[in-house]
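**Student:** Sharing a structure here in structure tokens format.
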Amino acid sequence: MESRRGWMLIDFPVDSELSFLSAVANAGPRDAFYVRMTHWAAPDAWDVKIKPMDAAMFQGDQPSDFALRPLQVSFPAYDLPELTRRLREHIAGRTVPPAPADWSTVGRQLPTGSLWMRAPAERSDGPDGPSRGFWPRLREGSACRHSSECLP
């Protein structure tokens with residue numbers, strides 16, 4: 001496809017894709033590569049999609065039965081050498097300690113020393129009442145009334 005010239009595509013089973021992304025992220029610094037990999041607004045941001053697939057595509061005599069099958073990651077071809085290097089580091093058991101990322105290419109700066117999102121299992125009372133899941137931790141004086149208003 002012409003619009004994806006210069007881009008690499010990899011399809012994974014859903015669970016494997018998440019492990020792949022974690023391995024790649026943990027095996028290198030939180031640099032421009034990391035920002036492209038994790039933030040949709042970064043220049044040349046990686047595109048990660050989950051695709052519903054109908055089992056009837058392969059067995060035309062069967063009723064439709066959709067499932068989330070391949071998870072596809074698309075990234076610029078110039079990231080392949082760094083991706084390969086990080087995968088080798090992961091296989092060798094080497095990781096890079098977590099550190100703040102430079103989000104300037106996406107116009108996002110997190111306050112130093114603050115936790116932006118709560119862990120998924122932590123319960124929080126948001127403005128819409130009790131919720132379970134990701135809820136931004138609001139700073140005093142914040143005008144956020146809903147989670148979508150607080151996101152970077």
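Here's how to read the names in the structure tokens: chain A, B, ... by the order shown, residue numbers from 1 in each chain, ligand numbers from 1 in the order shown.
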Counting only C-alpha atoms, what is within 7 Å of Ala55 in chain A, bar same-chain residues fewer than 2 positions away, as a count of residues only?

**Tutor:** 7

**Student:** Measuring between only C-alpha atoms, which one of A:Gly6, A:Pro70, A:Gly28, A:Pro13 shows the shortest distance to Lys49 in chain A?

**Tutor:**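 Of all the options, A:Pro70 lies closest to Lys49 in chain A.
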
**Student:** Which residue gives the smallest distance to Asp47 in chain A among A:Phe75, A:Phe12, A:Trp7, A:Trp103, with only C-alpha atoms counted?

**Tutor:** A:Phe75

**Student:** Just to confirm, what's the straight-line distance from CA of Thr95 in chain A to CA of Asn26 in chain A in Å (one decimal)?

**Tutor:**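 CA of Asn26 in chain A lies 5.5 Å from CA of Thr95 in chain A.
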
**Student:** Please provide as a ChimeraX atom specification all residues within 12 Å of Ala99 in chain A, with the sequence filter that same-chain residues fewer than 4 positions apart are discarded (counting only C-alpha atoms).

**Tutor:** /A:25-26,28-31,34,95,112-113

**Student:** May I have the residues from that selection written out with N, CA and C atoms, as a PDB file, in the first residue's frame?

**Tutor:**
```
ATOM      1  N   ALA A  25      10.272  -1.759  25.116  1.00  0.00           N
ATOM      2  CA  ALA A  25      10.338  -0.533  25.922  1.00  0.00           C
ATOM      3  C   ALA A  25      11.334  -0.665  27.073  1.00  0.00           C
ATOM      4  N   ASN A  26      11.374  -1.823  27.716  1.00  0.00           N
ATOM      5  CA  ASN A  26      12.243  -2.008  28.882  1.00  0.00           C
ATOM      6  C   ASN A  26      13.704  -2.254  28.524  1.00  0.00           C
ATOM      7  N   GLY A  28      15.580  -0.481  26.495  1.00  0.00           N
ATOM      8  CA  GLY A  28      16.280   0.712  26.010  1.00  0.00           C
ATOM      9  C   GLY A  28      15.829   1.944  26.762  1.00  0.00           C
ATOM     10  N   PRO A  29      16.472   3.061  26.497  1.00  0.00           N
ATOM     11  CA  PRO A  29      16.119   4.301  27.195  1.00  0.00           C
ATOM     12  C   PRO A  29      14.774   4.843  26.718  1.00  0.00           C
ATOM     13  N   ARG A  30      14.224   5.724  27.502  1.00  0.00           N
ATOM     14  CA  ARG A  30      12.966   6.389  27.127  1.00  0.00           C
ATOM     15  C   ARG A  30      13.307   7.628  26.293  1.00  0.00           C
ATOM     16  N   ASP A  31      13.730   7.338  25.074  1.00  0.00           N
ATOM     17  CA  ASP A  31      14.208   8.352  24.143  1.00  0.00           C
ATOM     18  C   ASP A  31      13.165   8.599  23.059  1.00  0.00           C
ATOM     19  N   TYR A  34      11.320   5.518  22.004  1.00  0.00           N
ATOM     20  CA  TYR A  34      10.298   5.169  22.987  1.00  0.00           C
ATOM     21  C   TYR A  34       9.050   6.042  22.820  1.00  0.00           C
ATOM     22  N   THR A  95      18.030  -4.939  30.873  1.00  0.00           N
ATOM     23  CA  THR A  95      17.013  -3.891  30.813  1.00  0.00           C
ATOM     24  C   THR A  95      17.646  -2.568  31.200  1.00  0.00           C
ATOM     25  N   THR A 112       7.383  16.988  37.440  1.00  0.00           N
ATOM     26  CA  THR A 112       8.462  16.198  38.012  1.00  0.00           C
ATOM     27  C   THR A 112       8.023  15.601  39.338  1.00  0.00           C
ATOM     28  N   GLY A 113       8.256  14.304  39.480  1.00  0.00           N
ATOM     29  CA  GLY A 113       7.995  13.628  40.748  1.00  0.00           C
ATOM     30  C   GLY A 113       6.542  13.322  41.016  1.00  0.00           C
TER      31      GLY A 113
END
```

**Student:** Which of range 1-68 of chain A counts as alpha helix (DSSP H) under DSSP, as a PDB file with C-alpha atoms, in the first residue's frame please?

**Tutor:**
```
ATOM      1  CA  VAL A  14      -2.987 -10.090  21.221  1.00  0.00           C
ATOM      2  CA  ASP A  15      -1.172 -11.281  24.380  1.00  0.00           C
ATOM      3  CA  SER A  16       2.150 -11.665  22.562  1.00  0.00           C
ATOM      4  CA  GLU A  17       1.980  -8.116  21.213  1.00  0.00           C
ATOM      5  CA  LEU A  18       1.696  -6.618  24.670  1.00  0.00           C
ATOM      6  CA  SER A  19       4.679  -8.655  25.853  1.00  0.00           C
ATOM      7  CA  PHE A  20       6.612  -7.580  22.746  1.00  0.00           C
ATOM      8  CA  LEU A  21       5.934  -3.881  23.427  1.00  0.00           C
ATOM      9  CA  SER A  22       6.949  -4.221  27.090  1.00  0.00           C
ATOM     10  CA  ALA A  23      10.154  -6.060  26.178  1.00  0.00           C
ATOM     11  CA  VAL A  24      11.151  -3.445  23.594  1.00  0.00           C
ATOM     12  CA  ALA A  25      10.338  -0.533  25.922  1.00  0.00           C
ATOM     13  CA  ASN A  26      12.243  -2.008  28.882  1.00  0.00           C
ATOM     14  CA  ALA A  32      12.658   9.497  20.841  1.00  0.00           C
ATOM     15  CA  PHE A  33      12.260   5.837  19.794  1.00  0.00           C
ATOM     16  CA  TYR A  34      10.298   5.169  22.987  1.00  0.00           C
ATOM     17  CA  VAL A  35       8.111   8.250  22.458  1.00  0.00           C
ATOM     18  CA  ARG A  36       7.281   7.164  18.875  1.00  0.00           C
ATOM     19  CA  MET A  37       6.459   3.728  20.209  1.00  0.00           C
ATOM     20  CA  THR A  38       4.162   4.897  23.013  1.00  0.00           C
TER      21      THR A  38
END
```

**Student:** Considering only C-alpha atoms, can you say which of A:Ala41, A:Ala27, A:Ala56, A:Val48 comes closest to Ala92 in chain A?

**Tutor:**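 Smallest distance to Ala92 in chain A is found for A:Ala27.
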
**Student:** Show which residues sit within 8 Å of Asp11 in chain A, as a list in words. Count only C-alpha atoms, and ignore same-chain residues fewer than 5 positions away.

**Tutor:**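 Here the qualifying residues turn out to be Pro70, Leu71, Gln72 and Val73 of chain A.
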
**Student:** Would you work out the distance separating CA of Gly60 in chain A from CA of Ile10 in chain A, expressed in Å to one decimal?

**Tutor:**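 Straight-line distance from CA of Gly60 in chain A to CA of Ile10 in chain A works out to 26.4 Å.
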
**Student:** Grab the CA of Gly107 in chain A to CA of Leu87 in chain A distance for me, in Å with one decimal place.

**Tutor:**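 CA of Leu87 in chain A lies 28.6 Å from CA of Gly107 in chain A.
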
**Student:** Extract, using only C-alpha atoms, all DNA, RNA and protein residues at most 12 Å from Arg5 in chain A, discarding same-chain residues fewer than 6 positions from it, and format them as a list in words.

**Tutor:** Ser74, Phe75, Pro76, Ala77 and Tyr78 of chain A

**Student:** Based on the selection just made, write all heavy atoms of those residues as a JSON list (two decimals), in the first residue's frame.

**Tutor:**
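That gives us out07.json:
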```
[["chain", "number", "residue", "atom", "x", "y", "z"],
["A", 74, "SER", "N", 2.66, -1.24, 13.45],
["A", 74, "SER", "CA", 3.27, -0.66, 12.27],
["A", 74, "SER", "C", 4.21, 0.44, 12.74],
["A", 74, "SER", "O", 3.84, 1.27, 13.57],
["A", 74, "SER", "CB", 2.18, -0.08, 11.37],
["A", 74, "SER", "OG", 2.72, 0.59, 10.27],
["A", 75, "PHE", "N", 5.44, 0.44, 12.22],
["A", 75, "PHE", "CA", 6.44, 1.41, 12.66],
["A", 75, "PHE", "C", 7.31, 1.79, 11.48],
["A", 75, "PHE", "O", 7.42, 1.04, 10.51],
["A", 75, "PHE", "CB", 7.27, 0.85, 13.83],
["A", 75, "PHE", "CG", 7.93, -0.46, 13.52],
["A", 75, "PHE", "CD1", 9.22, -0.50, 13.00],
["A", 75, "PHE", "CD2", 7.27, -1.65, 13.77],
["A", 75, "PHE", "CE1", 9.83, -1.71, 12.72],
["A", 75, "PHE", "CE2", 7.88, -2.87, 13.49],
["A", 75, "PHE", "CZ", 9.15, -2.89, 12.97],
["A", 76, "PRO", "N", 7.95, 2.97, 11.56],
["A", 76, "PRO", "CA", 8.82, 3.38, 10.45],
["A", 76, "PRO", "C", 10.00, 2.42, 10.30],
["A", 76, "PRO", "O", 10.57, 1.97, 11.29],
["A", 76, "PRO", "CB", 9.28, 4.79, 10.83],
["A", 76, "PRO", "CG", 8.88, 5.01, 12.23],
["A", 76, "PRO", "CD", 7.91, 3.96, 12.63],
["A", 77, "ALA", "N", 10.35, 2.13, 9.06],
["A", 77, "ALA", "CA", 11.44, 1.18, 8.79],
["A", 77, "ALA", "C", 12.74, 1.62, 9.43],
["A", 77, "ALA", "O", 13.56, 0.77, 9.82],
["A", 77, "ALA", "CB", 11.61, 1.01, 7.28],
["A", 78, "TYR", "N", 12.95, 2.92, 9.60],
["A", 78, "TYR", "CA", 14.21, 3.37, 10.21],
["A", 78, "TYR", "C", 14.31, 2.99, 11.68],
["A", 78, "TYR", "O", 15.39, 3.07, 12.27],
["A", 78, "TYR", "CB", 14.45, 4.87, 10.00],
["A", 78, "TYR", "CG", 13.48, 5.81, 10.68],
["A", 78, "TYR", "CD1", 13.60, 6.12, 12.04],
["A", 78, "TYR", "CD2", 12.47, 6.42, 9.96],
["A", 78, "TYR", "CE1", 12.74, 6.99, 12.65],
["A", 78, "TYR", "CE2", 11.60, 7.31, 10.56],
["A", 78, "TYR", "CZ", 11.73, 7.59, 11.90],
["A", 78, "TYR", "OH", 10.87, 8.46, 12.51]]
```

**Student:** Could you pull out the residues in range 6-107 of chain A that DSSP calls strand (DSSP E or B) from the backbone, as a PyMOL selection string?

**Tutor:** chain A and resi 7-13+47-54+66-76

**Student:** Output the selection as an mmCIF file, in the first residue's frame - N, CA and C atoms for each residue.

**Tutor:**
```
data_model
loop_
_atom_site.group_PDB
_atom_site.id
_atom_site.type_symbol
_atom_site.label_atom_id
_atom_site.label_comp_id
_atom_site.auth_asym_id
_atom_site.auth_seq_id
_atom_site.Cartn_x
_atom_site.Cartn_y
_atom_site.Cartn_z
ATOM 1 N N TRP A 7 7.269 1.702 5.915
ATOM 2 C CA TRP A 7 6.787 1.253 7.219
ATOM 3 C C TRP A 7 6.834 -0.267 7.288
ATOM 4 N N MET A 8 7.088 -0.787 8.463
ATOM 5 C CA MET A 8 7.115 -2.226 8.719
ATOM 6 C C MET A 8 5.802 -2.605 9.407
ATOM 7 N N LEU A 9 5.308 -3.793 9.124
ATOM 8 C CA LEU A 9 4.090 -4.304 9.750
ATOM 9 C C LEU A 9 4.368 -5.667 10.362
ATOM 10 N N ILE A 10 3.918 -5.855 11.594
ATOM 11 C CA ILE A 10 4.044 -7.153 12.265
ATOM 12 C C ILE A 10 2.694 -7.469 12.890
ATOM 13 N N ASP A 11 2.201 -8.679 12.657
ATOM 14 C CA ASP A 11 0.970 -9.149 13.290
ATOM 15 C C ASP A 11 1.328 -10.122 14.406
ATOM 16 N N PHE A 12 0.633 -9.991 15.528
ATOM 17 C CA PHE A 12 0.867 -10.828 16.699
ATOM 18 C C PHE A 12 -0.463 -11.316 17.253
ATOM 19 N N PRO A 13 -0.453 -12.441 17.961
ATOM 20 C CA PRO A 13 -1.600 -12.723 18.834
ATOM 21 C C PRO A 13 -1.638 -11.620 19.893
ATOM 22 N N ASP A 47 1.874 2.730 15.019
ATOM 23 C CA ASP A 47 0.440 2.525 14.925
ATOM 24 C C ASP A 47 0.157 1.094 15.399
ATOM 25 N N VAL A 48 -0.591 0.968 16.468
ATOM 26 C CA VAL A 48 -0.912 -0.344 17.020
ATOM 27 C C VAL A 48 -2.425 -0.506 16.937
ATOM 28 N N LYS A 49 -2.848 -1.550 16.241
ATOM 29 C CA LYS A 49 -4.276 -1.793 16.041
ATOM 30 C C LYS A 49 -4.603 -3.239 16.371
ATOM 31 N N ILE A 50 -5.781 -3.412 16.898
ATOM 32 C CA ILE A 50 -6.289 -4.759 17.094
ATOM 33 C C ILE A 50 -7.389 -4.951 16.055
ATOM 34 N N LYS A 51 -7.366 -6.077 15.401
ATOM 35 C CA LYS A 51 -8.271 -6.326 14.279
ATOM 36 C C LYS A 51 -9.279 -7.421 14.636
ATOM 37 N N PRO A 52 -10.566 -7.133 14.463
ATOM 38 C CA PRO A 52 -11.530 -8.227 14.600
ATOM 39 C C PRO A 52 -11.469 -9.093 13.348
ATOM 40 N N MET A 53 -11.548 -10.392 13.533
ATOM 41 C CA MET A 53 -11.488 -11.307 12.403
ATOM 42 C C MET A 53 -12.635 -12.302 12.519
ATOM 43 N N ASP A 54 -13.286 -12.543 11.408
ATOM 44 C CA ASP A 54 -14.403 -13.481 11.365
ATOM 45 C C ASP A 54 -13.881 -14.860 10.976
ATOM 46 N N PHE A 66 -16.855 -13.529 15.211
ATOM 47 C CA PHE A 66 -15.754 -12.579 15.286
ATOM 48 C C PHE A 66 -14.998 -12.707 16.598
ATOM 49 N N ALA A 67 -13.706 -12.530 16.509
ATOM 50 C CA ALA A 67 -12.830 -12.505 17.681
ATOM 51 C C ALA A 67 -11.709 -11.512 17.398
ATOM 52 N N LEU A 68 -11.090 -11.041 18.448
ATOM 53 C CA LEU A 68 -9.941 -10.152 18.297
ATOM 54 C C LEU A 68 -8.728 -11.027 18.086
ATOM 55 N N ARG A 69 -8.280 -11.135 16.869
ATOM 56 C CA ARG A 69 -7.224 -12.077 16.538
ATOM 57 C C ARG A 69 -5.870 -11.394 16.396
ATOM 58 N N PRO A 70 -5.589 -10.811 15.262
ATOM 59 C CA PRO A 70 -4.238 -10.246 15.184
ATOM 60 C C PRO A 70 -4.197 -8.843 15.771
ATOM 61 N N LEU A 71 -3.138 -8.571 16.471
ATOM 62 C CA LEU A 71 -2.832 -7.219 16.889
ATOM 63 C C LEU A 71 -1.667 -6.804 16.002
ATOM 64 N N GLN A 72 -1.829 -5.689 15.311
ATOM 65 C CA GLN A 72 -0.843 -5.287 14.321
ATOM 66 C C GLN A 72 -0.088 -4.055 14.803
ATOM 67 N N VAL A 73 1.227 -4.121 14.701
ATOM 68 C CA VAL A 73 2.049 -2.959 15.007
ATOM 69 C C VAL A 73 2.723 -2.528 13.707
ATOM 70 N N SER A 74 2.660 -1.242 13.452
ATOM 71 C CA SER A 74 3.270 -0.659 12.265
ATOM 72 C C SER A 74 4.214 0.437 12.738
ATOM 73 N N PHE A 75 5.440 0.436 12.224
ATOM 74 C CA PHE A 75 6.439 1.406 12.661
ATOM 75 C C PHE A 75 7.314 1.787 11.481
ATOM 76 N N PRO A 76 7.954 2.974 11.559
ATOM 77 C CA PRO A 76 8.817 3.384 10.450
ATOM 78 C C PRO A 76 10.000 2.423 10.297
#
```
